[in-house]
Every structure is written in C-alpha cells, then in structure tokens.
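K.L.:
Following this message is one structure expressed as structure tokens.
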Amino acid sequence: MTLLYLTVVLFLIMDPIGNISSFLSLVADIPPQKQRSILLREMLIALAAMIAFYFLGEFILNVLETSMTTLRITSGIILFLVAIKILFPSVDSLRANLPVGEPFISPLAIPLIAGPSLLGTIMLFARLEPSHLSMLGAIVLSWSLAVLVLLFGARLQRLVGASGLMACERLMGLILVMLAIQRFLEGIQQFVKSCYA
C-alpha cells in the first residue's frame with residue numbers, strides 16, 4: 001500500500017468534514033482562542049490513541065498469526081461498514097446526541113476522531129503494511145489534514161453551508177465504498193490463488 005493510499009483511507013475514516021458541525025456545536029459557547037487550544041489538545045489525544053493502537057495491533061496480529069488474505073477481506077468489510085455509516089447516518093448516533101460542555105477526550109478525541117472504526121483499521125493496516133515509516137507517516141499526515149479541516153471548520157461551513165458539508169461527506173463515503181470493495185476483492189483474489197496454488 002502506498003503512503004497516499006494509507007493517508008486517504010485514514011483521513012476518510014476520520015471524517016473531519018463530517019465532524020465540523022459536531023466540533024462547532026461542542027465549543028459554541030467558548031471563546032475562539034480557547035476553541036483552538038481545545039481542538040489541538042483533543043487532536044493530540046486522538047493521535048496518541050492512533051499510534052498506540054498501531055503498535056498494539058501489530059503485536060496482537062503477529063501473536064495470532066493472522067493470514068494476509070484474512071486481513072485484506074476483514075479490512076474491506078470494515079471499510080465498507082464505515083462507509084455505509086457515513087452515507088446513511090443513524091438518528092441515534094453520537095453526533096445527533098452530543099453532550100453539553102467542553103469536550104475532554106470524549107466525545108471529540110474519542111470516538112468522533114479516533115473511533116473504533118479508525119482504530120480497528122489502523123490495527124489491521126499494522127500487519128498489512130510492513131513499513132513502519134509509511135504507516136506512521138500516513139497516520140501523522142491524515143491527522144494533520146484533519147486538524148487543518150477542523151481549524152478552518154467555521155470558515156468552511158460559512159463558505160459551502162451545511163448542505164455543502166453534507167455533500168462533501170457523502171462523497172467521501174462513496175470513495176470509501178470503492179476502496180472497501182477493491183480491498184475485499186483483492187482478498188478474495190488472494191484466497192482463490194491460494195486454493196489453486
């Protein structure tokens with residue numbers, strides 16, 4: 001997997017565009033200067049969780065000796081489920097029922113940014129991608145892009161409006177569906193090859 005592929009997938013799962021309205025709602029009553037410090041604090045916590053799960057996932061999957069075929073199929077299924085949630089958000093989701101007050105770890109850092117889907121994907125990619133440099137680079141790059149999107153979230157919302165943000169989020173979900181199906185088919189292809197080897 002290329003650095004670009006890893007970065008795009010992690011960025012799409014992080015879904016910072018979809019989290020703009022949630023972040024702005026959480027910090028609506030907080031001065032702008034403090035909003036930025038809250039965002040950076042929460043994003044650093046999310047980054048720490050991502051890196052921790054990367055090394056934890058590599059250890060667990062190495063101990064379990066999971067095959068590459070299984071990992072490819074599993075990552076495809078997980079990406080597909082994430083994409084479906086982005087395309088068809090449920091009314092009982094966390095975004096629709098945000099708690100009141102300044103966020104601290106929950107709900108912004110975890111699970112809105114570093115949610116179970118993202119952490120699970122990072123754990124799987126830890127085994128699929130042999131290069132530590134590529135994987136850690138992708139985590140930091142996707143995280144940096146997410147920080148930029150959220151820092152300029154208010155401006156983006158004013159520029160394109162709530163419906164524009166929703167359209168961008170659905171487009172990201174659609175791209176994720178295509179990546180998920182590709183990853184799943186690669187796993188099936190690898191399985192078929194192993195059967196006839």
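Quick note on naming: the chains in the structure tokens go A, B, ... in the order shown, residues restart at 1 in each chain, and ligands are numbered from 1 in order of appearance.
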Do a neighbour search on segment 50-56 of chain A at 6 Å with only C-alpha atoms, toss out local chain neighbours closer than 6 positions, and write the hits as a ChimeraX atom specification.
P.N.:
/A:122-123,126
K.L.:
Go ahead and save the residues from that selection, with N, CA and C atoms, as an mmCIF file, in the first residue's frame.
P.N.:
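For reference, out11.cif as written:
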data_model
loop_
_atom_site.group_PDB
_atom_site.id
_atom_site.type_symbol
_atom_site.label_atom_id
_atom_site.label_comp_id
_atom_site.auth_asym_id
_atom_site.auth_seq_id
_atom_site.Cartn_x
_atom_site.Cartn_y
_atom_site.Cartn_z
ATOM 1 N N ILE A 122 -6.489 0.851 11.702
ATOM 2 C CA ILE A 122 -5.060 1.034 11.953
ATOM 3 C C ILE A 122 -4.429 -0.267 12.442
ATOM 4 N N MET A 123 -5.139 -1.005 13.291
ATOM 5 C CA MET A 123 -4.629 -2.287 13.771
ATOM 6 C C MET A 123 -4.446 -3.276 12.619
ATOM 7 N N ALA A 126 -1.573 -2.290 10.379
ATOM 8 C CA ALA A 126 -0.280 -2.521 11.024
ATOM 9 C C ALA A 126 0.352 -3.815 10.524
#
K.L.:
Can you pull out the residues contacting segment 9-14 of chain A? Cut-off 8 Å, using only C-alpha atoms, and skip same-chain residues under 3 positions away; I want them as a list in words.
P.N.:
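Residues near the query, excluding close chain neighbours: Tyr5, Leu6, Leu79, Val82, Ala83, Leu112, Ile113, Ala114, Gly115, Ser117, Leu118, Ile122, Ala138, Ile139, Ser142, Trp143, Leu145, Ala146, Met172, Gly173, Leu176 and Leu179 of chain A.
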K.L.:
Store the residues picked out above, limited to N, CA, C and O atoms, as a PDB file, in the first residue's frame.
P.N.:
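Okay, part_18.pdb is ready:
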ATOM      1  N   TYR A   5      -2.305   6.128  -0.459  1.00  0.00           N
ATOM      2  CA  TYR A   5      -3.485   5.277  -0.214  1.00  0.00           C
ATOM      3  C   TYR A   5      -3.796   5.219   1.282  1.00  0.00           C
ATOM      4  O   TYR A   5      -4.946   5.418   1.699  1.00  0.00           O
ATOM      5  N   LEU A   6      -2.772   4.948   2.088  1.00  0.00           N
ATOM      6  CA  LEU A   6      -2.967   4.850   3.535  1.00  0.00           C
ATOM      7  C   LEU A   6      -3.487   6.162   4.116  1.00  0.00           C
ATOM      8  O   LEU A   6      -4.409   6.165   4.932  1.00  0.00           O
ATOM      9  N   LEU A  79     -14.020  -1.269   6.213  1.00  0.00           N
ATOM     10  CA  LEU A  79     -14.104  -0.025   5.448  1.00  0.00           C
ATOM     11  C   LEU A  79     -15.501   0.160   4.860  1.00  0.00           C
ATOM     12  O   LEU A  79     -16.034   1.270   4.828  1.00  0.00           O
ATOM     13  N   VAL A  82     -17.888   1.243   7.610  1.00  0.00           N
ATOM     14  CA  VAL A  82     -17.637   2.656   7.936  1.00  0.00           C
ATOM     15  C   VAL A  82     -18.276   3.556   6.890  1.00  0.00           C
ATOM     16  O   VAL A  82     -18.930   4.559   7.203  1.00  0.00           O
ATOM     17  N   ALA A  83     -18.090   3.197   5.619  1.00  0.00           N
ATOM     18  CA  ALA A  83     -18.636   3.995   4.518  1.00  0.00           C
ATOM     19  C   ALA A  83     -20.156   4.053   4.570  1.00  0.00           C
ATOM     20  O   ALA A  83     -20.753   5.110   4.328  1.00  0.00           O
ATOM     21  N   LEU A 112     -15.251  10.532  18.163  1.00  0.00           N
ATOM     22  CA  LEU A 112     -15.549  11.220  16.908  1.00  0.00           C
ATOM     23  C   LEU A 112     -14.358  11.220  15.947  1.00  0.00           C
ATOM     24  O   LEU A 112     -14.529  11.023  14.738  1.00  0.00           O
ATOM     25  N   ILE A 113     -13.147  11.449  16.451  1.00  0.00           N
ATOM     26  CA  ILE A 113     -11.962  11.420  15.584  1.00  0.00           C
ATOM     27  C   ILE A 113     -11.358  10.020  15.565  1.00  0.00           C
ATOM     28  O   ILE A 113     -11.313   9.356  14.528  1.00  0.00           O
ATOM     29  N   ALA A 114     -10.867   9.568  16.690  1.00  0.00           N
ATOM     30  CA  ALA A 114     -10.266   8.233  16.774  1.00  0.00           C
ATOM     31  C   ALA A 114     -11.308   7.252  17.297  1.00  0.00           C
ATOM     32  O   ALA A 114     -11.266   6.831  18.453  1.00  0.00           O
ATOM     33  N   GLY A 115     -12.240   6.916  16.435  1.00  0.00           N
ATOM     34  CA  GLY A 115     -13.314   5.996  16.815  1.00  0.00           C
ATOM     35  C   GLY A 115     -12.912   4.538  16.624  1.00  0.00           C
ATOM     36  O   GLY A 115     -11.824   4.236  16.124  1.00  0.00           O
ATOM     37  N   SER A 117     -13.808   2.363  14.446  1.00  0.00           N
ATOM     38  CA  SER A 117     -13.542   2.010  13.048  1.00  0.00           C
ATOM     39  C   SER A 117     -12.133   2.407  12.635  1.00  0.00           C
ATOM     40  O   SER A 117     -11.414   1.637  11.999  1.00  0.00           O
ATOM     41  N   LEU A 118     -11.720   3.616  13.012  1.00  0.00           N
ATOM     42  CA  LEU A 118     -10.380   4.086  12.667  1.00  0.00           C
ATOM     43  C   LEU A 118      -9.317   3.273  13.396  1.00  0.00           C
ATOM     44  O   LEU A 118      -8.338   2.819  12.777  1.00  0.00           O
ATOM     45  N   ILE A 122      -6.489   0.851  11.702  1.00  0.00           N
ATOM     46  CA  ILE A 122      -5.060   1.034  11.953  1.00  0.00           C
ATOM     47  C   ILE A 122      -4.429  -0.267  12.442  1.00  0.00           C
ATOM     48  O   ILE A 122      -3.321  -0.628  12.027  1.00  0.00           O
ATOM     49  N   ALA A 138       1.590   7.998   7.342  1.00  0.00           N
ATOM     50  CA  ALA A 138       0.184   8.123   6.933  1.00  0.00           C
ATOM     51  C   ALA A 138      -0.688   8.570   8.099  1.00  0.00           C
ATOM     52  O   ALA A 138      -1.593   9.400   7.929  1.00  0.00           O
ATOM     53  N   ILE A 139      -0.415   8.050   9.286  1.00  0.00           N
ATOM     54  CA  ILE A 139      -1.183   8.446  10.470  1.00  0.00           C
ATOM     55  C   ILE A 139      -0.998   9.938  10.743  1.00  0.00           C
ATOM     56  O   ILE A 139      -1.972  10.674  10.944  1.00  0.00           O
ATOM     57  N   SER A 142      -2.571  12.138   7.735  1.00  0.00           N
ATOM     58  CA  SER A 142      -4.041  12.184   7.772  1.00  0.00           C
ATOM     59  C   SER A 142      -4.523  12.982   8.979  1.00  0.00           C
ATOM     60  O   SER A 142      -5.490  13.748   8.889  1.00  0.00           O
ATOM     61  N   TRP A 143      -3.836  12.822  10.102  1.00  0.00           N
ATOM     62  CA  TRP A 143      -4.173  13.581  11.318  1.00  0.00           C
ATOM     63  C   TRP A 143      -3.964  15.081  11.087  1.00  0.00           C
ATOM     64  O   TRP A 143      -4.802  15.897  11.471  1.00  0.00           O
ATOM     65  N   LEU A 145      -4.044  16.733   8.252  1.00  0.00           N
ATOM     66  CA  LEU A 145      -5.099  17.224   7.358  1.00  0.00           C
ATOM     67  C   LEU A 145      -6.410  17.420   8.118  1.00  0.00           C
ATOM     68  O   LEU A 145      -7.127  18.402   7.910  1.00  0.00           O
ATOM     69  N   ALA A 146      -6.704  16.473   9.013  1.00  0.00           N
ATOM     70  CA  ALA A 146      -7.928  16.582   9.820  1.00  0.00           C
ATOM     71  C   ALA A 146      -7.876  17.804  10.736  1.00  0.00           C
ATOM     72  O   ALA A 146      -8.874  18.508  10.914  1.00  0.00           O
ATOM     73  N   MET A 172     -17.090  11.572   0.302  1.00  0.00           N
ATOM     74  CA  MET A 172     -16.026  10.837   0.994  1.00  0.00           C
ATOM     75  C   MET A 172     -16.470   9.413   1.313  1.00  0.00           C
ATOM     76  O   MET A 172     -15.697   8.460   1.180  1.00  0.00           O
ATOM     77  N   GLY A 173     -17.719   9.261   1.698  1.00  0.00           N
ATOM     78  CA  GLY A 173     -18.256   7.927   1.971  1.00  0.00           C
ATOM     79  C   GLY A 173     -18.284   7.063   0.724  1.00  0.00           C
ATOM     80  O   GLY A 173     -17.977   5.874   0.769  1.00  0.00           O
ATOM     81  N   LEU A 176     -14.879   5.845  -0.088  1.00  0.00           N
ATOM     82  CA  LEU A 176     -14.531   4.790   0.860  1.00  0.00           C
ATOM     83  C   LEU A 176     -15.178   3.466   0.474  1.00  0.00           C
ATOM     84  O   LEU A 176     -14.568   2.403   0.638  1.00  0.00           O
ATOM     85  N   LEU A 179     -13.017   1.973  -2.248  1.00  0.00           N
ATOM     86  CA  LEU A 179     -11.780   1.432  -1.689  1.00  0.00           C
ATOM     87  C   LEU A 179     -12.040   0.131  -0.926  1.00  0.00           C
ATOM     88  O   LEU A 179     -11.237  -0.806  -0.987  1.00  0.00           O
TER      89      LEU A 179
END
K.L.:
To one decimal in Å, tell me the separation between atom CA of Leu3 of chain A and atom CA of Gly137 of chain A.
P.N.:
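Straight-line distance from atom CA of Leu3 of chain A to atom CA of Gly137 of chain A works out to 7.4 Å.
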K.L.:
Going by DSSP on the backbone, which residues of segment 9-150 of chain A come out as helix (DSSP H, G or I)? List them as a ChimeraX atom specification.
P.N.:
/A:9-14,16-26,32-64,68-87,95-97,108-113,116-128,132-150
K.L.:
Show me, as a VMD selection string, the residues that have an atom within 9 Å of Gly120 of chain A when counting only C-alpha atoms, minus same-chain residues fewer than 4 positions from it.
P.N.:
chain A and resid 53 57 75 78 115 to 116 124 to 125
K.L.:
What is the distance between atom CA of Ser106 of chain A and atom CA of Phe88 of chain A, in Å to one decimal?
P.N.:
23.0 Å
K.L.:
Within 10 Å of Glu186 of chain A, counting only C-alpha atoms, which residues qualify if same-chain residues fewer than 6 places away don't, as a list in words?
P.N.:
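My reading of the contact set: Thr69, Arg72, Ile73, Gly76, Ala180 and Val192 of chain A.
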K.L.:
Between atom CA of Leu156 of chain A and atom CA of Phe80 of chain A, measure the distance and give it in Å to one decimal.
P.N.:
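Calculated distance between atom CA of Leu156 of chain A and atom CA of Phe80 of chain A is 27.1 Å.
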K.L.:
Just checking: using only C-alpha atoms, which residue out of A:Ser90, A:Ile110, A:Leu151, A:Thr7 ends up closest to Ser37 of chain A?
P.N.:
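Closest residue, counting only C-alpha atoms: A:Leu151.
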K.L.:
Counting only C-alpha atoms, what is within 8 Å of Met68 of chain A, bar same-chain residues fewer than 5 positions away, as a VMD selection string?
P.N.:
chain A and resid 127 to 128 187
K.L.:
Name the residues in contact with Asn97 of chain A at a cut-off of 12 Å, using only C-alpha atoms, excluding same-chain residues fewer than 6 positions from it; report them as a list in words.
P.N.:
Ser22, Ser25, Leu26, Ser90, Val91 and Pro107 of chain A
